[in-house]
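Asker: A single structure is presented below for examination.
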Amino acid sequence: MSTKLTKMLLAEVIVDVKSHETDRTFQYFIPEELQKRVVIGMRVLVPFGPRRVEGYVVSLTNNPETPLEKVKPILRVLDELPPLTPELIELSDWLCERYICTRAQAVQALLPGGMRFKSTLVIEASDVTPAILDAREKEVLSFLKNKGPQVKSQLLKDHPSWRGAIAKLLQKGAITERFMERTGVKEKQVAYVVLQMDRESLLQKLDHLQANAFKQKEVALWLLHQGGTVRLRDLLAATKAARSTIEALRQKGILDIEQREERRDPYHGRYIGEKEGKLPLTAAQERAYSAILSMLQTRQAHTVLLQGVTGSGKTEIYLQTIEACVQMGRQAIVLVPEIALTPQMVERFKKRFGEDVAVLHSRLSPGERYDEWRRIRQGEVSIAVGARSAVFAPFEKLGLLIIDEEHELSYKQEENPKYHAREVAYFRALYHGATVVLGSATPSMEVRYAAAKGRVTRILLPERVNRKPLPPVEIVDMRLELKQGNRSIFSRRLHEAIAEKLAHREQMILFLNRRGYSTFILCRACGYVARCPSCDVSLTYHYLNSIPILRCHYCGHSEEVAGRCPECGSQHIRNFGTGTQKVEEELLRLFPEARVIRMDVDTTATKGSHERLLRTFGAREADILLGTQMIAKGLDFPGVTLVGIITADTSLNVPDFRAAERTFQLLTQVAGRVGRHDAAGEVILQTYHPEHYAIQCAVTQDYERFFQKEIEIRHSLDHPPFWEMTVFTAAHESQKEAYRLARETERWMRRRFSEDPEVIVHETTAAPLARLHGKYRFHQVIKYKSYKKVKAELLAAYFHARAKAKKIDGVLSVDVNAQMVL
DNA sequence: AGCACGCCGACT
DNA sequence: GTCGGCGTGCTC
């Protein structure tokens with residue numbers, strides 16, 4: 001029947017196989033019974049070669065481009081509601097084009113982690129035992145009979161010699177194959193106890209129970225009292241009933257047990273009923289609010305830079321514009337750096353919007369994250385607050401995308417797809433006609449420059465809501481301290497200030513952007529420095545449960561500390577440089593009465609420890625909060641009157657062109673932790689480079705001066721934002737091979753662009769992290785004015801070099817619009 | 001990416 | 001001869 005053929009619909013499916021060879025759509029039949037459920041954006045299970053894989057339907061067609069005998073049917077539909085909206089499918093295409101990754105990788109980035117469906121082939125012995133089996137076949141068969149079903153690919157990996165025997169046993173029917181399917185996270189099912197009769201008939205029935213069935217009566221009456229439906233778990237806890245009691249009641253038809261779907265709520269209904277109203281706006285806030293509102297109303301894509309110092313009330317503007325957005329029937333996404341997504345922050349949104357907010361961050365379990373995501377997808381909420389990946393929240397009527405602390409580097413993903421959340425936000429804003437609000441006290445060079453060029457509307461919030469001036473920042477030249485004989489970590493000025501605050505029972509924050517005890521250990525006799533055997537970095541001295549060890553901050557390698565130099569045997573081996581552990585030790589030595597909380601990756605590794613430490617400090621159960629950059633953001637403690645910056649130079653000495661920008665931002669942020677309330681505050685900044693413009697501008701809190709100075713340097717050095725930068729990284733166990741791989745991309749790009757004034761092809765150089773995880777690394781940097789112009793060649797160079805890398809067991813990666821070059 | 005197939009050297 | 005190592009090619 002020709003009508004059937006012309007009517008036949010095929011699904012174009014992206015398969016979840018992250019290889020460039022399979023990075024296209026494959027066509028599948030849609031079986032009759034699935035016709036209604038296979039829609040665009042649906043996740044499906046499809047046969048793929050000898051395997052079964054997850055796939056994503058990106059379009060439907062009745063134009064078969066594949067010989068029909070090759071086309072296989074879709075096996076299963078994996079969701080009720082298609083997880084991908086048409087917009088997200090377009091976005092996935094854009095992600096691969098923009099960041100050079102596979103479509104499978106792009107789609108995976110859009111979906112909440114952990115929902116992946118896996119299907120593995122397992123083999124097991126059947127009940128057929130053929131008469132004739134050779135020795136090998138007998139061995140395999142008895143293995144399977146003893147050990148039960150086995151994953152086929154794993155079994156072949158462990159026993160490659162069994163391949164032939166397994167094939168023969170399958171032929172003879174002595175073993176069978178089947179696919180074992182493993183769903184990722186699922187809807188949480190909770191057992192409920194439901195009363196099956198009304199009050200009258202229950203009481204009647206209970207009268208007729210055996211006289212000794214006390215417990216059954218008690219349970220039934222309790223259930224009645226609770227309204228007839230209760231979680232099984234709660235019932236068991238409240239009545240202390242045994243499962244057998246419940247079962248007896250069920251047998252009698254008095255109650256029944258039902259599985260009901262339940263949402264995991266990471267905040268357990270906290271903050272409900274604690275609704276908080278709008279705060280009054282200052283004149284500056286009001287201006288910002290109405291400017292954003294009028295952009296929202298145009299339903300055209302706009303970008304706003306909301307630039308205001310800490311305490312200038314950006315969050316309140318976010319909250320009120322979100323409210324206006326939601327009232328328009330549209331939805332809002334708020335991105336916050338992972339590190340700043342503290343309970344304080346979440347509380348503010350939950351209290352204002354209650355149940356209308358979904359929160360997405362890395363500390364949620366996969367199940368919680370999936371449920372929060374589904375609340376968004378099913379339209380149950382209008383607001384999503386989260387870290388970077390929340391930019392993909394599957395809203396269908398987006399009005400507002402807010403990126404707080406816009407300058408943070410964590411908005412760039414380091415793995416494929418190496419997207420920047422700001423760029424994704426622009427894409428989505430264009431699609432929906434939405435407004436992007438970028439908030440920062442210290443905007444990134446890119447965004448501030450875009451504002452200067454008129455591509456972004458800049459709105460200034462010039463002063464703090466409480467009109468408190470920014471705290472005075474005092475600079476201490478540590479070179480002078482040394483000259484005058486003070487070799488301590490603390491300058492005399494900072495020492496005095498700490499003592500004074502302790503005496504007045506005031507709190508303080510001490511900042512040092514380096515964890516561990518000391519930076520490196522050095523033999524003063526021969527110059528030996530302990531280095532990581534697989535990374536080209538020196539090992540950091542740590543105390544782990546008061547035992548000294550050396551640790552690599554990049555790969556986690558650790559080793560014992562030698563009492564003598566392993567090179568020359570000298571005992572003059574000492575540690576140099578200062579980390580948070582050493583500062584803590586010094587503090588306790590100099591101020592034995594001080595209560596110190598240290599916060600860094602080492603003390604906040606366990607779940608909940610972050611919050612616990614902050615709560616302790618907030619409750620004034622400690623005097624000093626000492627920490628790395630994780631204490632620089634978002635924290636607001638009214639009792640803090642001193643911020644001490646132990647060394648302002650750590651981030652300045654990083655070999656990256658953003659070092660000055662990072663330093664300025666970090667110092668400005670840390671300084672902003674003080675004096676936000678009634679008590680006057682002060683900031684003491686210790687440095688060996690008091691004359692550096694990043695430090696000078698941070699001291700005077702002069703963003704504009706910093707921007708002018710830095711933009712000049714960026715211009716003269718051909719750095720972003722004047723040029724966009726893409727970095728190829730080649731890694732190989734052999735230094736020579738790593739270099740040669742990186743040279744491949746250089747040669748490729750040179751051949752095409754050596755004459756082009758709008759493209760700079762840099763020479764291949766050793767990466768600042770020249771060795772990592774046992775592999776040598778080389779960078780090759782391309783700079784260009786327009787991505788469109790180089791896109792095709794970047795891709796070609798990447799494929800070319802990657803093919804070579806694959807042959808020699810090397811790794812070649814590409815980072816489009818790279819933010820960091822390490 | 002996986003997985004199967006097929007070609008070749010090294011053994012019983 | 002057969003085993004098992006790896007290169008090659010395909011997946012709707």
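How things are named: the first chain in the structure tokens is A, the next is B, and so on; residues count from 1 in each chain; ligands count from 1 in the order shown.
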Chain A near chain B within 7 Å: what's each residue's closest atom pair and its distance in Å to one decimal, counting only C-alpha atoms (C1' of nucleotides), ordered by chain then ascending residue number, as a Markdown table?
Answerer:
| residue | atom | partner | partner_atom | distance |
| --- | --- | --- | --- | --- |
| A:Val17 | CA | B:DA1 | C1' | 5.8 |
| A:Lys18 | CA | B:DA1 | C1' | 6.0 |
| A:Ser19 | CA | B:DA1 | C1' | 5.5 |
| A:Pro50 | CA | B:DC3 | C1' | 7.0 |
Asker: Considering only C-alpha atoms (C1' of nucleotides), give me a table of residues in chain C that are at most 8 Å from chain A, with the closest atom pair and distance in Å for each, as a Markdown table.
Answerer:
| residue | atom | partner | partner_atom | distance |
| --- | --- | --- | --- | --- |
| C:DC3 | C1' | A:Ser161 | CA | 7.3 |
| C:DG4 | C1' | A:Ser161 | CA | 6.8 |
| C:DC10 | C1' | A:Gly49 | CA | 7.7 |
| C:DT11 | C1' | A:Gly49 | CA | 4.6 |
| C:DC12 | C1' | A:Phe26 | CA | 4.5 |
Asker: List the spatial neighbours of Met115 in chain A as a list in words - criterion: any atom at most 8 Å away, only C-alpha atoms (C1' of nucleotides), same-chain residues fewer than 5 positions off excluded.
Answerer: Thr183, Gly184, Val185, Lys186 and Tyr370 of chain A
Asker: Using the selection just defined, write its residues with N, CA and C atoms as a short mmCIF file (atom, residue, chain, number, x, y, z; two decimals), in the first residue's frame.
Answerer:
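part_32.cif was written with the following content:
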data_model
loop_
_atom_site.label_atom_id
_atom_site.label_comp_id
_atom_site.auth_asym_id
_atom_site.auth_seq_id
_atom_site.Cartn_x
_atom_site.Cartn_y
_atom_site.Cartn_z
N THR A 183 17.33 2.49 34.72
CA THR A 183 16.85 3.86 34.64
C THR A 183 17.73 4.71 35.54
N GLY A 184 17.89 5.94 35.21
CA GLY A 184 18.61 6.84 36.11
C GLY A 184 17.69 7.16 37.27
N VAL A 185 17.68 8.39 37.71
CA VAL A 185 16.77 8.76 38.80
C VAL A 185 15.33 8.61 38.35
N LYS A 186 14.50 8.24 39.28
CA LYS A 186 13.07 8.07 38.98
C LYS A 186 12.25 8.92 39.92
N TYR A 370 16.59 16.24 40.07
CA TYR A 370 15.63 15.81 39.05
C TYR A 370 14.24 16.35 39.37
#
Asker: Give me, as a count of residues only, all polymer residues having an atom no more than 10 Å from Gln320 in chain A, counting only C-alpha atoms (C1' of nucleotides) and skipping those fewer than 2 positions away in the same chain.
Answerer: 15
Asker: Residues of range 101-272 of chain A classed as helix (DSSP H, G or I) by DSSP on the backbone are to be reported as an MDAnalysis selection string.
Answerer: chainID A and resid 103:110 135:147 152:158 160:172 199:207 214:225 232:239 243:251
Asker: Can you pull out every residue within 8 Å of range 693-706 of chain A, counting only C-alpha atoms (C1' of nucleotides), but drop anything in the same chain fewer than 6 positions away, and send it as a PyMOL selection string?
Answerer: chain A and resi 442+472-475+648+660-661+663-665+667-668
Asker: Since we have the selection now, will you write its residues out, keeping all heavy atoms, as a tab-separated table (two decimals), in the first residue's frame?
Answerer:
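Wrote selection-v9.tsv, looks like this:
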chain	number	residue	atom	x	y	z
A	442	THR	N	32.08	44.70	40.29
A	442	THR	CA	33.32	44.80	39.53
A	442	THR	C	33.15	44.06	38.21
A	442	THR	O	33.64	42.96	38.04
A	442	THR	CB	34.45	44.13	40.33
A	442	THR	OG1	34.03	42.80	40.67
A	442	THR	CG2	34.81	44.90	41.58
A	472	PRO	N	37.31	52.32	54.95
A	472	PRO	CA	38.66	52.74	54.55
A	472	PRO	C	39.57	51.52	54.40
A	472	PRO	O	39.47	50.58	55.19
A	472	PRO	CB	39.11	53.62	55.71
A	472	PRO	CG	38.30	53.17	56.87
A	472	PRO	CD	36.99	52.71	56.33
A	473	VAL	N	40.38	51.53	53.37
A	473	VAL	CA	41.31	50.43	53.16
A	473	VAL	C	42.73	50.93	53.41
A	473	VAL	O	43.16	51.93	52.82
A	473	VAL	CB	41.20	49.86	51.73
A	473	VAL	CG1	42.17	48.71	51.54
A	473	VAL	CG2	39.78	49.41	51.44
A	474	GLU	N	43.41	50.27	54.28
A	474	GLU	CA	44.76	50.68	54.63
A	474	GLU	C	45.74	49.69	54.03
A	474	GLU	O	45.56	48.47	54.13
A	474	GLU	CB	44.88	50.67	56.15
A	474	GLU	CG	46.10	51.36	56.66
A	474	GLU	CD	46.09	51.37	58.19
A	474	GLU	OE1	44.99	51.44	58.78
A	474	GLU	OE2	47.17	51.27	58.76
A	475	ILE	N	46.77	50.20	53.39
A	475	ILE	CA	47.72	49.33	52.72
A	475	ILE	C	48.97	49.19	53.59
A	475	ILE	O	49.40	50.15	54.20
A	475	ILE	CB	48.02	49.94	51.33
A	475	ILE	CG1	48.40	48.86	50.32
A	475	ILE	CG2	49.09	50.98	51.39
A	475	ILE	CD1	48.27	49.38	48.90
A	648	ALA	N	47.80	40.10	49.38
A	648	ALA	CA	46.97	40.47	48.25
A	648	ALA	C	47.56	39.95	46.94
A	648	ALA	O	46.92	39.99	45.91
A	648	ALA	CB	46.82	41.99	48.19
A	660	ALA	N	45.39	40.44	36.93
A	660	ALA	CA	45.14	41.75	37.53
A	660	ALA	C	43.64	41.94	37.77
A	660	ALA	O	43.23	42.38	38.84
A	660	ALA	CB	45.66	42.86	36.62
A	661	GLU	N	42.85	41.57	36.79
A	661	GLU	CA	41.40	41.69	36.91
A	661	GLU	C	40.89	40.86	38.08
A	661	GLU	O	40.12	41.34	38.92
A	661	GLU	CB	40.73	41.23	35.61
A	661	GLU	CG	39.22	41.42	35.60
A	661	GLU	CD	38.54	40.88	34.33
A	661	GLU	OE1	39.24	40.57	33.36
A	661	GLU	OE2	37.30	40.77	34.35
A	663	THR	N	42.53	39.83	40.70
A	663	THR	CA	43.00	40.39	41.96
A	663	THR	C	42.16	41.57	42.38
A	663	THR	O	41.70	41.65	43.52
A	663	THR	CB	44.48	40.81	41.82
A	663	THR	OG1	45.22	39.67	41.38
A	663	THR	CG2	45.03	41.31	43.14
A	664	PHE	N	41.93	42.46	41.44
A	664	PHE	CA	41.11	43.63	41.75
A	664	PHE	C	39.72	43.22	42.24
A	664	PHE	O	39.22	43.73	43.24
A	664	PHE	CB	40.99	44.54	40.52
A	664	PHE	CG	40.06	45.69	40.72
A	664	PHE	CD1	40.45	46.79	41.47
A	664	PHE	CD2	38.77	45.66	40.20
A	664	PHE	CE1	39.58	47.84	41.70
A	664	PHE	CE2	37.89	46.71	40.42
A	664	PHE	CZ	38.29	47.80	41.17
A	665	GLN	N	39.11	42.27	41.51
A	665	GLN	CA	37.76	41.83	41.87
A	665	GLN	C	37.74	41.19	43.25
A	665	GLN	O	36.88	41.48	44.09
A	665	GLN	CB	37.25	40.83	40.83
A	665	GLN	CG	36.89	41.50	39.52
A	665	GLN	CD	36.78	40.54	38.37
A	665	GLN	OE1	37.19	39.39	38.47
A	665	GLN	NE2	36.23	41.01	37.27
A	667	LEU	N	39.89	41.48	45.78
A	667	LEU	CA	40.17	42.41	46.87
A	667	LEU	C	38.97	43.31	47.14
A	667	LEU	O	38.61	43.57	48.29
A	667	LEU	CB	41.41	43.26	46.55
A	667	LEU	CG	42.72	42.49	46.43
A	667	LEU	CD1	43.87	43.43	46.10
A	667	LEU	CD2	43.02	41.72	47.71
A	668	THR	N	38.33	43.78	46.06
A	668	THR	CA	37.16	44.63	46.24
A	668	THR	C	36.05	43.88	46.96
A	668	THR	O	35.39	44.40	47.86
A	668	THR	CB	36.66	45.11	44.86
A	668	THR	OG1	37.76	45.67	44.15
A	668	THR	CG2	35.58	46.16	45.00
Asker: Can you tell me, as a ChimeraX atom specification, what residues are no more than 7 Å from Ser312 in chain A when counting only C-alpha atoms (C1' of nucleotides), ignoring any on the same chain fewer than 4 positions away?
Answerer: /A:308,461,463-465
Asker: Report, in Å with one decimal, the straight-line distance from CA of Arg330 in chain A to CA of Arg348 in chain A.
Answerer: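 Rounded to one decimal, the two atoms are 20.5 Å apart.
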Asker: Please measure the separation of CA of Asp234 in chain A and CA of Tyr192 in chain A, giving the value in Å to one decimal.
Answerer: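 Interatomic distance, CA of Asp234 in chain A to CA of Tyr192 in chain A: 9.1 Å.
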Asker: Could you pull the residues within 9 Å of Ser538 in chain A, counting only C-alpha atoms (C1' of nucleotides), minus those fewer than 4 positions along the same chain, as a PDB file with N, CA, C and O atoms, in the first residue's frame?
Answerer:
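What ended up in part-v1.pdb:
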ATOM      1  N   THR A 519      53.455  26.902  50.851  1.00  0.00           N
ATOM      2  CA  THR A 519      53.356  26.776  49.410  1.00  0.00           C
ATOM      3  C   THR A 519      54.255  25.694  48.844  1.00  0.00           C
ATOM      4  O   THR A 519      53.889  24.962  47.942  1.00  0.00           O
ATOM      5  N   PHE A 520      55.459  25.621  49.363  1.00  0.00           N
ATOM      6  CA  PHE A 520      56.398  24.617  48.846  1.00  0.00           C
ATOM      7  C   PHE A 520      57.471  24.363  49.882  1.00  0.00           C
ATOM      8  O   PHE A 520      57.620  25.126  50.842  1.00  0.00           O
ATOM      9  N   ILE A 521      58.225  23.267  49.713  1.00  0.00           N
ATOM     10  CA  ILE A 521      59.361  23.066  50.602  1.00  0.00           C
ATOM     11  C   ILE A 521      60.644  23.051  49.773  1.00  0.00           C
ATOM     12  O   ILE A 521      60.688  22.525  48.661  1.00  0.00           O
ATOM     13  N   VAL A 529      63.330  21.317  45.362  1.00  0.00           N
ATOM     14  CA  VAL A 529      61.950  21.635  45.734  1.00  0.00           C
ATOM     15  C   VAL A 529      61.118  20.387  45.489  1.00  0.00           C
ATOM     16  O   VAL A 529      61.216  19.778  44.427  1.00  0.00           O
ATOM     17  N   ALA A 530      60.304  19.988  46.475  1.00  0.00           N
ATOM     18  CA  ALA A 530      59.464  18.806  46.289  1.00  0.00           C
ATOM     19  C   ALA A 530      58.409  19.091  45.231  1.00  0.00           C
ATOM     20  O   ALA A 530      57.667  20.066  45.341  1.00  0.00           O
ATOM     21  N   ARG A 531      58.355  18.257  44.213  1.00  0.00           N
ATOM     22  CA  ARG A 531      57.411  18.459  43.117  1.00  0.00           C
ATOM     23  C   ARG A 531      56.530  17.229  42.960  1.00  0.00           C
ATOM     24  O   ARG A 531      56.901  16.130  43.364  1.00  0.00           O
ATOM     25  N   CYS A 532      55.363  17.434  42.338  1.00  0.00           N
ATOM     26  CA  CYS A 532      54.471  16.312  42.074  1.00  0.00           C
ATOM     27  C   CYS A 532      55.080  15.465  40.953  1.00  0.00           C
ATOM     28  O   CYS A 532      55.512  15.999  39.940  1.00  0.00           O
ATOM     29  N   ARG A 551      51.237  17.579  49.378  1.00  0.00           N
ATOM     30  CA  ARG A 551      50.093  17.305  48.531  1.00  0.00           C
ATOM     31  C   ARG A 551      50.091  18.113  47.244  1.00  0.00           C
ATOM     32  O   ARG A 551      50.513  19.266  47.245  1.00  0.00           O
ATOM     33  N   CYS A 552      49.622  17.473  46.164  1.00  0.00           N
ATOM     34  CA  CYS A 552      49.480  18.177  44.893  1.00  0.00           C
ATOM     35  C   CYS A 552      48.055  18.713  44.798  1.00  0.00           C
ATOM     36  O   CYS A 552      47.102  17.951  44.914  1.00  0.00           O
TER      37      CYS A 552
END
Asker: From the set A:Leu430, A:Leu502, A:Met478, A:Ile573, which residue has the shortest atom-to-atom contact distance to Arg595 in chain A, counting only C-alpha atoms?
Answerer: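 Going through A:Leu430, A:Leu502, A:Met478, A:Ile573 one by one, the smallest distance to Arg595 in chain A is for A:Leu502.
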